[in-house]
There are 2 protein chains.
Amino acid sequence: MATIGDVAREAGVSRSTASYALSGKRPISEEVRRRVLAAAEALAYTPNAGARALATAQTKVLGLLAQFHEDEFAPAMMQYILGVTNTARDLGYDTLLVTEADGVRALRRVTDSRMVDGVVLMNIAEDDARLPILRAAPQPGALVGLPGDCSGLDVFDLDFEEAGRVMVDHLHRLGHRELILISQPEHVVERGGAYVWRLRDAALERARTLGLTLHAVYGESRQPAVGRLLHGLLDAYPAATGLLINNEAAAAALPSVTYERGLRVPGDLSVIGRYSAEFAATFSLPYSFIESAPDRLGSMAVRQLVRRVESTSARKEPFVVRFISPELADRGSTASPRPHTP
Amino acid sequence: MATIGDVAREAGVSRSTASYALSGKRPISEEVRRRVLAAAEALAYTPNAGARALATAQTKVLGLLAQFHEDEFAPAMMQYILGVTNTARDLGYDTLLVTEADGVRALRRVTDSRMVDGVVLMNIAEDDARLPILRAAPQPGALVGLPGDCSGLDVFDLDFEEAGRVMVDHLHRLGHRELILISQPEHVVERGGAYVWRLRDAALERARTLGLTLHAVYGESRQPAVGRLLHGLLDAYPAATGLLINNEAAAAALPSVTYERGLRVPGDLSVIGRYSAEFAATFSLPYSFIESAPDRLGSMAVRQLVRRVESTSARKEPFVVRFISPELADRGSTASPRPHTP
DNA sequence: CGCGACCGTCGAACCGGTTCGATGAATTCG
DNA sequence: CGAATTCATCGAACCGGTTCGACGGTCGCG
């Protein structure tokens, strides 16, 4: 492969002149610039990434640390990842995807060795062991997901508390008095997945304020367990007229459950979900839902991260915690409840 | 951050001695080795990846090039990616995930700049424009998916032709005489997704040999179009007793379609799918299916790639085209057809 | 006792870029 | 017409590792 020395020789100039001609960081005569560019073209010159990283202390690579747990819904992660990689590329960065189970070790490795200019962390736990490492690292970091302590980092997440309130308010306004909320499995909470109880607690709180009954349960992440659970809930709370779903697997399983029970949506049961538009489209879920916007979140995190990476002044700005406000996409799956339950 | 110079000074030796003590590439006295290791520990020394890449011409990073098209089933890709990243890490490599739409440019960039030691290509088209670039690149490459011309590259794929034959044979053995095969959408084929017609043609061929009727149609990738299509097919071919599905979205939509039509599986209709076990579990698909083993394919590709990267002798071995042979996971969704169609 | 072999360590060069200060030629001004 | 200024280019140093050849000290052997 051609080096900048080869280009310089071909153009009949020194290495430094070739470098300046290519970067434009110093004035170079039109004549020489043309010769250098022609030589670079002819030799198919591409700068060596390692050498450039060494000289400039910049790799033009971002780290994306994701963790995949047994009982989570892995396909949903794909959209976050695409949001990150596509936005990064638009801004001139490549993405190192690290899925190592030991997130702390992985983060240490990529930051200490200076493989990346910045890091996006996903699957944030309430008390995430990676955060102290990231705060101490020389590279800036951004989180997709809200931890207990946001200090020293930029944080992006859906406003899950508001999402819980929006769901409850919406059904309250329609006249519902008894609701069921099905969340992610309890394992997710135990691992520190705070978004689960953020939505749940806010929904419970709002239900209490409004004088509604809300049965909040943890779900399952797989069929057929989640289908059985749904049947069980509808048996256990026959007076409930509204169902709130913060659990992709449950949302995907619901259509066959209502079908089997002969329930009409929204006639017999009003339903609101929380998932991405992409997920809704792929499985043609017929429910009104709160859009979780994974691609937007990934994209926002990268934009802010790159700002900090590229500007010393931006690096001194105060850290942000930015919530996407939940938007209810109305698919007509909610209505006023029947006067009497049969 | 500490450099190897800092470590050397702390240990009271030269930089080269420190390097040899850490790498073990030359004999070093026990005493000095201890001092160097202690110094490295104390200073939390981690080699600078860029500097090492420059010196050794090795980055310990693999490129993973994937392309995401509108009408493909994106979530399925996640499992291939995890197969690659996890195996790569086990072998000491990180993974650069590139999802750029312009695959040719992306591949040129990562290989020319020497960001990666090797490349895994996914979503291989019959006549893939990236292949000539990869063949000419200094790094070895591996494909997940079968192109028209495999020369100069290691190729890994499910044996889709055998899969088509296995499906047909299985139902033929049970006594079926008229089958429907629903494939991926036609766009996938037009883009060069050869696996679609590889399965389809082999199935048609085998059906002809056995004297069966096989209605082969291209499907849709989304609801509700795919649900309508399924209804339409069952209306159009009322005598068909077996359904073969090479289309994730169709498989996911089928349960509600059979439910709505009051069809029993396998009593009224025998069904065989082709998807991953993970997909089957997530959506609790009750059908016998041919396991497409995305994680195994990704893993195999990486292992072979790393072999070539790390050994000059391996680099001279002939290239391999390795097929995973289709395994039918029996979920009891096939049976002998009813004597008469009603 | 002296010579060669061997072992452990060091200095210097190299990988391929970027960047700083210096240099020489052309231009401007008094 | 000579001094001051400007402009384009060059040489050298540097980033942080690895690696080769050389060197000095110990040891074994004749």
# chains A, B, ... in the order shown; residues from 1 in each chain; ligands from 1
call {"tool": "interface_residues", "arguments": {"of": "chain C", "to": "chain B", "cutoff": "10 Å", "atoms": "only C-alpha atoms (C1' of nucleotides)", "output": "ChimeraX atom specification"}}
result
/C:7-11,14-17
call {"tool": "select_by_dssp", "arguments": {"residues": "range 167-319 of chain B", "states": "strand (DSSP E)", "output": "list in words"}}
result
Glu178, Leu179, Ile180, Leu181, Ile182, Ser183, Thr213, Leu214, His215, Ala216, Val217, Tyr218, Gly242, Leu243, Leu244, Ile245, Ser270, Val271, Ile272, Gly273, Arg274, Tyr275, Ser288, Phe289, Ile290 and Glu291 of chain B
call {"tool": "select_by_dssp", "arguments": {"residues": "range 193-272 of chain A", "states": "alpha helix (DSSP H)", "output": "PyMOL selection string"}}
result
chain A and resi 194-210+225-236+248-261
call {"tool": "closest_residue", "arguments": {"among": "B:Ser23, B:Asn48, B:Thr111, B:Thr87", "to": "chain D", "atoms": "only C-alpha atoms (C1' of nucleotides)"}}
result
B:Asn48
call {"tool": "closest_residue", "arguments": {"among": "B:Leu65, B:Met78, B:Leu146, B:Leu37", "to": "chain A", "atoms": "only C-alpha atoms"}}
result
B:Met78
call {"tool": "atom_distance", "arguments": {"atom1": "CA of Thr258 in chain A", "atom2": "CA of Thr241 in chain A"}}
result
12.8 Å
call {"tool": "closest_residue", "arguments": {"among": "B:Val155, B:Ala49, B:Leu244, B:Met122", "to": "chain D", "atoms": "only C-alpha atoms (C1' of nucleotides)"}}
result
B:Ala49
call {"tool": "interface_residues", "arguments": {"of": "chain D", "to": "chain A", "cutoff": "10 Å", "atoms": "only C-alpha atoms (C1' of nucleotides)", "output": "mmCIF file with C-alpha atoms (C1' of nucleotides), in the first residue's frame"}}
result
data_model
loop_
_atom_site.group_PDB
_atom_site.id
_atom_site.type_symbol
_atom_site.label_atom_id
_atom_site.label_comp_id
_atom_site.auth_asym_id
_atom_site.auth_seq_id
_atom_site.Cartn_x
_atom_site.Cartn_y
_atom_site.Cartn_z
ATOM 1 C "C1'" DC D 7 4.690 33.074 1.068
ATOM 2 C "C1'" DA D 8 5.535 28.254 -0.158
ATOM 3 C "C1'" DT D 9 8.261 24.534 1.028
ATOM 4 C "C1'" DC D 10 11.473 21.620 3.638
ATOM 5 C "C1'" DG D 11 13.728 19.060 7.465
ATOM 6 C "C1'" DC D 14 7.200 13.500 17.689
ATOM 7 C "C1'" DC D 15 3.222 10.182 18.700
ATOM 8 C "C1'" DG D 16 4.042 5.012 21.372
ATOM 9 C "C1'" DG D 17 4.873 0.991 20.435
#
call {"tool": "closest_atom_pairs", "arguments": {"of": "chain A", "to": "chain B", "cutoff": "7 Å", "atoms": "only C-alpha atoms", "output": "CSV"}}
result
residue,atom,partner,partner_atom,distance
A:Thr46,CA,B:Ser113,CA,5.7
A:Pro47,CA,B:Ser113,CA,5.8
A:Asn48,CA,B:Ser113,CA,4.7
A:Ala49,CA,B:Ser113,CA,5.2
A:Gly50,CA,B:Gly50,CA,4.4
A:Ala51,CA,B:Leu54,CA,5.6
A:Ala53,CA,B:Gly50,CA,5.6
A:Leu54,CA,B:Gly50,CA,5.3
A:Pro75,CA,B:Pro75,CA,4.5
A:Met78,CA,B:Met78,CA,6.1
A:Thr85,CA,B:Thr99,CA,6.6
A:Asn86,CA,B:Glu100,CA,6.7
A:Asp94,CA,B:Val98,CA,6.9
A:Thr95,CA,B:Leu96,CA,5.7
A:Leu96,CA,B:Leu96,CA,4.4
A:Leu97,CA,B:Thr95,CA,5.8
A:Val98,CA,B:Asp94,CA,6.9
A:Thr99,CA,B:Thr85,CA,6.6
A:Glu100,CA,B:Asn86,CA,6.7
A:Asp112,CA,B:Thr46,CA,6.0
A:Ser113,CA,B:Asn48,CA,4.7
A:Arg114,CA,B:Asn48,CA,6.0
A:Met115,CA,B:Ala49,CA,5.8
A:Arg222,CA,B:Thr282,CA,5.4
A:Gln223,CA,B:Ser284,CA,4.9
A:Pro224,CA,B:Ser284,CA,6.0
A:Ser256,CA,B:Ser256,CA,6.3
A:Ala281,CA,B:Gln223,CA,6.8
A:Thr282,CA,B:Arg222,CA,5.5
A:Phe283,CA,B:Gln223,CA,6.0
A:Ser284,CA,B:Gln223,CA,4.9
call {"tool": "write_last_selection", "arguments": {"atoms": "N, CA and C atoms", "output": "PDB file, in the first residue's frame"}}
result
ATOM      1  N   THR A  46      -4.490   5.926   0.750  1.00  0.00           N
ATOM      2  CA  THR A  46      -5.408   6.095   1.878  1.00  0.00           C
ATOM      3  C   THR A  46      -4.575   6.141   3.138  1.00  0.00           C
ATOM      4  N   PRO A  47      -4.774   7.146   3.972  1.00  0.00           N
ATOM      5  CA  PRO A  47      -3.956   7.241   5.189  1.00  0.00           C
ATOM      6  C   PRO A  47      -4.105   5.992   6.052  1.00  0.00           C
ATOM      7  N   ASN A  48      -3.045   5.577   6.672  1.00  0.00           N
ATOM      8  CA  ASN A  48      -3.058   4.455   7.593  1.00  0.00           C
ATOM      9  C   ASN A  48      -3.707   4.904   8.902  1.00  0.00           C
ATOM     10  N   ALA A  49      -4.794   4.194   9.279  1.00  0.00           N
ATOM     11  CA  ALA A  49      -5.582   4.626  10.433  1.00  0.00           C
ATOM     12  C   ALA A  49      -4.771   4.610  11.719  1.00  0.00           C
ATOM     13  N   GLY A  50      -3.937   3.595  11.880  1.00  0.00           N
ATOM     14  CA  GLY A  50      -3.150   3.492  13.102  1.00  0.00           C
ATOM     15  C   GLY A  50      -2.160   4.640  13.218  1.00  0.00           C
ATOM     16  N   ALA A  51      -1.478   4.925  12.135  1.00  0.00           N
ATOM     17  CA  ALA A  51      -0.493   5.999  12.151  1.00  0.00           C
ATOM     18  C   ALA A  51      -1.166   7.341  12.432  1.00  0.00           C
ATOM     19  N   ALA A  53      -3.997   7.804  13.983  1.00  0.00           N
ATOM     20  CA  ALA A  53      -4.461   7.812  15.362  1.00  0.00           C
ATOM     21  C   ALA A  53      -3.314   8.161  16.303  1.00  0.00           C
ATOM     22  N   LEU A  54      -2.155   7.596  16.009  1.00  0.00           N
ATOM     23  CA  LEU A  54      -0.996   7.846  16.866  1.00  0.00           C
ATOM     24  C   LEU A  54      -0.594   9.319  16.824  1.00  0.00           C
ATOM     25  N   PRO A  75     -34.151  -8.778  19.648  1.00  0.00           N
ATOM     26  CA  PRO A  75     -34.377  -8.089  18.378  1.00  0.00           C
ATOM     27  C   PRO A  75     -34.599  -6.592  18.536  1.00  0.00           C
ATOM     28  N   MET A  78     -31.635  -4.153  17.989  1.00  0.00           N
ATOM     29  CA  MET A  78     -31.137  -3.865  16.650  1.00  0.00           C
ATOM     30  C   MET A  78     -31.386  -2.418  16.246  1.00  0.00           C
ATOM     31  N   THR A  85     -25.023   3.466  14.718  1.00  0.00           N
ATOM     32  CA  THR A  85     -24.039   3.294  13.639  1.00  0.00           C
ATOM     33  C   THR A  85     -24.300   4.244  12.477  1.00  0.00           C
ATOM     34  N   ASN A  86     -25.558   4.416  12.121  1.00  0.00           N
ATOM     35  CA  ASN A  86     -25.855   5.279  10.975  1.00  0.00           C
ATOM     36  C   ASN A  86     -25.528   6.738  11.271  1.00  0.00           C
ATOM     37  N   ASP A  94     -16.701   5.573  12.627  1.00  0.00           N
ATOM     38  CA  ASP A  94     -17.086   4.172  12.595  1.00  0.00           C
ATOM     39  C   ASP A  94     -17.411   3.724  14.009  1.00  0.00           C
ATOM     40  N   THR A  95     -17.993   2.536  14.105  1.00  0.00           N
ATOM     41  CA  THR A  95     -18.502   2.081  15.395  1.00  0.00           C
ATOM     42  C   THR A  95     -17.932   0.723  15.765  1.00  0.00           C
ATOM     43  N   LEU A  96     -17.352   0.670  16.948  1.00  0.00           N
ATOM     44  CA  LEU A  96     -16.860  -0.597  17.479  1.00  0.00           C
ATOM     45  C   LEU A  96     -17.960  -1.168  18.375  1.00  0.00           C
ATOM     46  N   LEU A  97     -18.548  -2.265  17.946  1.00  0.00           N
ATOM     47  CA  LEU A  97     -19.645  -2.867  18.720  1.00  0.00           C
ATOM     48  C   LEU A  97     -19.091  -3.910  19.676  1.00  0.00           C
ATOM     49  N   VAL A  98     -19.271  -3.683  20.954  1.00  0.00           N
ATOM     50  CA  VAL A  98     -18.737  -4.602  21.965  1.00  0.00           C
ATOM     51  C   VAL A  98     -19.893  -5.209  22.746  1.00  0.00           C
ATOM     52  N   THR A  99     -20.021  -6.533  22.659  1.00  0.00           N
ATOM     53  CA  THR A  99     -21.148  -7.198  23.315  1.00  0.00           C
ATOM     54  C   THR A  99     -20.673  -8.115  24.430  1.00  0.00           C
ATOM     55  N   GLU A 100     -19.434  -7.932  24.833  1.00  0.00           N
ATOM     56  CA  GLU A 100     -18.839  -8.775  25.871  1.00  0.00           C
ATOM     57  C   GLU A 100     -19.720  -8.787  27.118  1.00  0.00           C
ATOM     58  N   ASP A 112      -8.888   2.518  27.753  1.00  0.00           N
ATOM     59  CA  ASP A 112      -7.471   2.572  28.110  1.00  0.00           C
ATOM     60  C   ASP A 112      -6.567   2.469  26.888  1.00  0.00           C
ATOM     61  N   SER A 113      -6.948   1.609  25.956  1.00  0.00           N
ATOM     62  CA  SER A 113      -6.080   1.414  24.802  1.00  0.00           C
ATOM     63  C   SER A 113      -6.285   2.492  23.748  1.00  0.00           C
ATOM     64  N   ARG A 114      -7.209   3.387  24.039  1.00  0.00           N
ATOM     65  CA  ARG A 114      -7.451   4.489  23.111  1.00  0.00           C
ATOM     66  C   ARG A 114      -7.912   4.006  21.728  1.00  0.00           C
ATOM     67  N   MET A 115      -8.741   2.982  21.730  1.00  0.00           N
ATOM     68  CA  MET A 115      -9.272   2.509  20.453  1.00  0.00           C
ATOM     69  C   MET A 115     -10.391   3.410  19.963  1.00  0.00           C
ATOM     70  N   ARG A 222     -41.118 -14.437  27.086  1.00  0.00           N
ATOM     71  CA  ARG A 222     -41.211 -15.417  26.016  1.00  0.00           C
ATOM     72  C   ARG A 222     -42.580 -16.053  25.975  1.00  0.00           C
ATOM     73  N   GLN A 223     -42.897 -16.504  24.786  1.00  0.00           N
ATOM     74  CA  GLN A 223     -44.021 -17.400  24.630  1.00  0.00           C
ATOM     75  C   GLN A 223     -43.565 -18.789  25.039  1.00  0.00           C
ATOM     76  N   PRO A 224     -44.401 -19.724  25.485  1.00  0.00           N
ATOM     77  CA  PRO A 224     -45.820 -19.507  25.697  1.00  0.00           C
ATOM     78  C   PRO A 224     -46.145 -18.954  27.078  1.00  0.00           C
ATOM     79  N   SER A 256     -53.472 -13.085  19.683  1.00  0.00           N
ATOM     80  CA  SER A 256     -54.052 -14.430  19.702  1.00  0.00           C
ATOM     81  C   SER A 256     -54.819 -14.679  20.989  1.00  0.00           C
ATOM     82  N   ALA A 281     -44.888  -2.201  13.255  1.00  0.00           N
ATOM     83  CA  ALA A 281     -45.100  -2.476  11.837  1.00  0.00           C
ATOM     84  C   ALA A 281     -44.746  -3.917  11.507  1.00  0.00           C
ATOM     85  N   THR A 282     -43.638  -4.378  12.026  1.00  0.00           N
ATOM     86  CA  THR A 282     -43.189  -5.734  11.701  1.00  0.00           C
ATOM     87  C   THR A 282     -44.225  -6.770  12.109  1.00  0.00           C
ATOM     88  N   PHE A 283     -44.822  -6.582  13.303  1.00  0.00           N
ATOM     89  CA  PHE A 283     -45.778  -7.567  13.772  1.00  0.00           C
ATOM     90  C   PHE A 283     -47.208  -7.084  13.653  1.00  0.00           C
ATOM     91  N   SER A 284     -47.364  -5.965  12.938  1.00  0.00           N
ATOM     92  CA  SER A 284     -48.695  -5.459  12.673  1.00  0.00           C
ATOM     93  C   SER A 284     -49.533  -5.397  13.929  1.00  0.00           C
TER      94      SER A 284
END
call {"tool": "atom_distance", "arguments": {"atom1": "CA of Gly118 in chain A", "atom2": "CA of Ile133 in chain A"}}
result
12.9 Å
call {"tool": "residues_around", "arguments": {"residues": "DG28 in chain D", "least_positions_apart": "4", "cutoff": "12 Å", "atoms": "only C-alpha atoms (C1' of nucleotides)", "output": "PDB file with N, CA and C atoms (P, O5', C5', C4', C3', O3' and C1' of nucleotides), in the first residue's frame"}}
result
ATOM      1  P    DC C   3      43.334 -14.673  25.033  1.00  0.00           P
ATOM      2  O5'  DC C   3      42.231 -15.462  24.204  1.00  0.00           O
ATOM      3  C5'  DC C   3      42.448 -16.835  23.836  1.00  0.00           C
ATOM      4  C4'  DC C   3      41.097 -17.497  23.649  1.00  0.00           C
ATOM      5  C3'  DC C   3      40.086 -16.612  22.919  1.00  0.00           C
ATOM      6  O3'  DC C   3      39.686 -17.242  21.719  1.00  0.00           O
ATOM      7  C1'  DC C   3      39.142 -17.564  24.919  1.00  0.00           C
ATOM      8  P    DG C   4      38.584 -16.426  20.802  1.00  0.00           P
ATOM      9  O5'  DG C   4      37.275 -17.282  21.092  1.00  0.00           O
ATOM     10  C5'  DG C   4      37.337 -18.707  21.017  1.00  0.00           C
ATOM     11  C4'  DG C   4      36.002 -19.292  21.486  1.00  0.00           C
ATOM     12  C3'  DG C   4      34.776 -18.733  20.760  1.00  0.00           C
ATOM     13  O3'  DG C   4      33.869 -19.800  20.531  1.00  0.00           O
ATOM     14  C1'  DG C   4      34.608 -18.301  23.107  1.00  0.00           C
ATOM     15  P    DA C   5      32.493 -19.545  19.794  1.00  0.00           P
ATOM     16  O5'  DA C   5      31.452 -19.696  20.976  1.00  0.00           O
ATOM     17  C5'  DA C   5      31.520 -20.844  21.828  1.00  0.00           C
ATOM     18  C4'  DA C   5      30.362 -20.813  22.815  1.00  0.00           C
ATOM     19  C3'  DA C   5      29.030 -20.341  22.221  1.00  0.00           C
ATOM     20  O3'  DA C   5      27.992 -21.169  22.729  1.00  0.00           O
ATOM     21  C1'  DA C   5      29.675 -18.903  24.016  1.00  0.00           C
ATOM     22  P    DC C   6      26.456 -20.963  22.324  1.00  0.00           P
ATOM     23  O5'  DC C   6      25.867 -20.228  23.603  1.00  0.00           O
ATOM     24  C5'  DC C   6      26.241 -20.668  24.913  1.00  0.00           C
ATOM     25  C4'  DC C   6      25.694 -19.684  25.929  1.00  0.00           C
ATOM     26  C3'  DC C   6      24.310 -19.108  25.561  1.00  0.00           C
ATOM     27  O3'  DC C   6      23.507 -19.148  26.725  1.00  0.00           O
ATOM     28  C1'  DC C   6      25.806 -17.352  26.030  1.00  0.00           C
TER      29       DC C   6
END
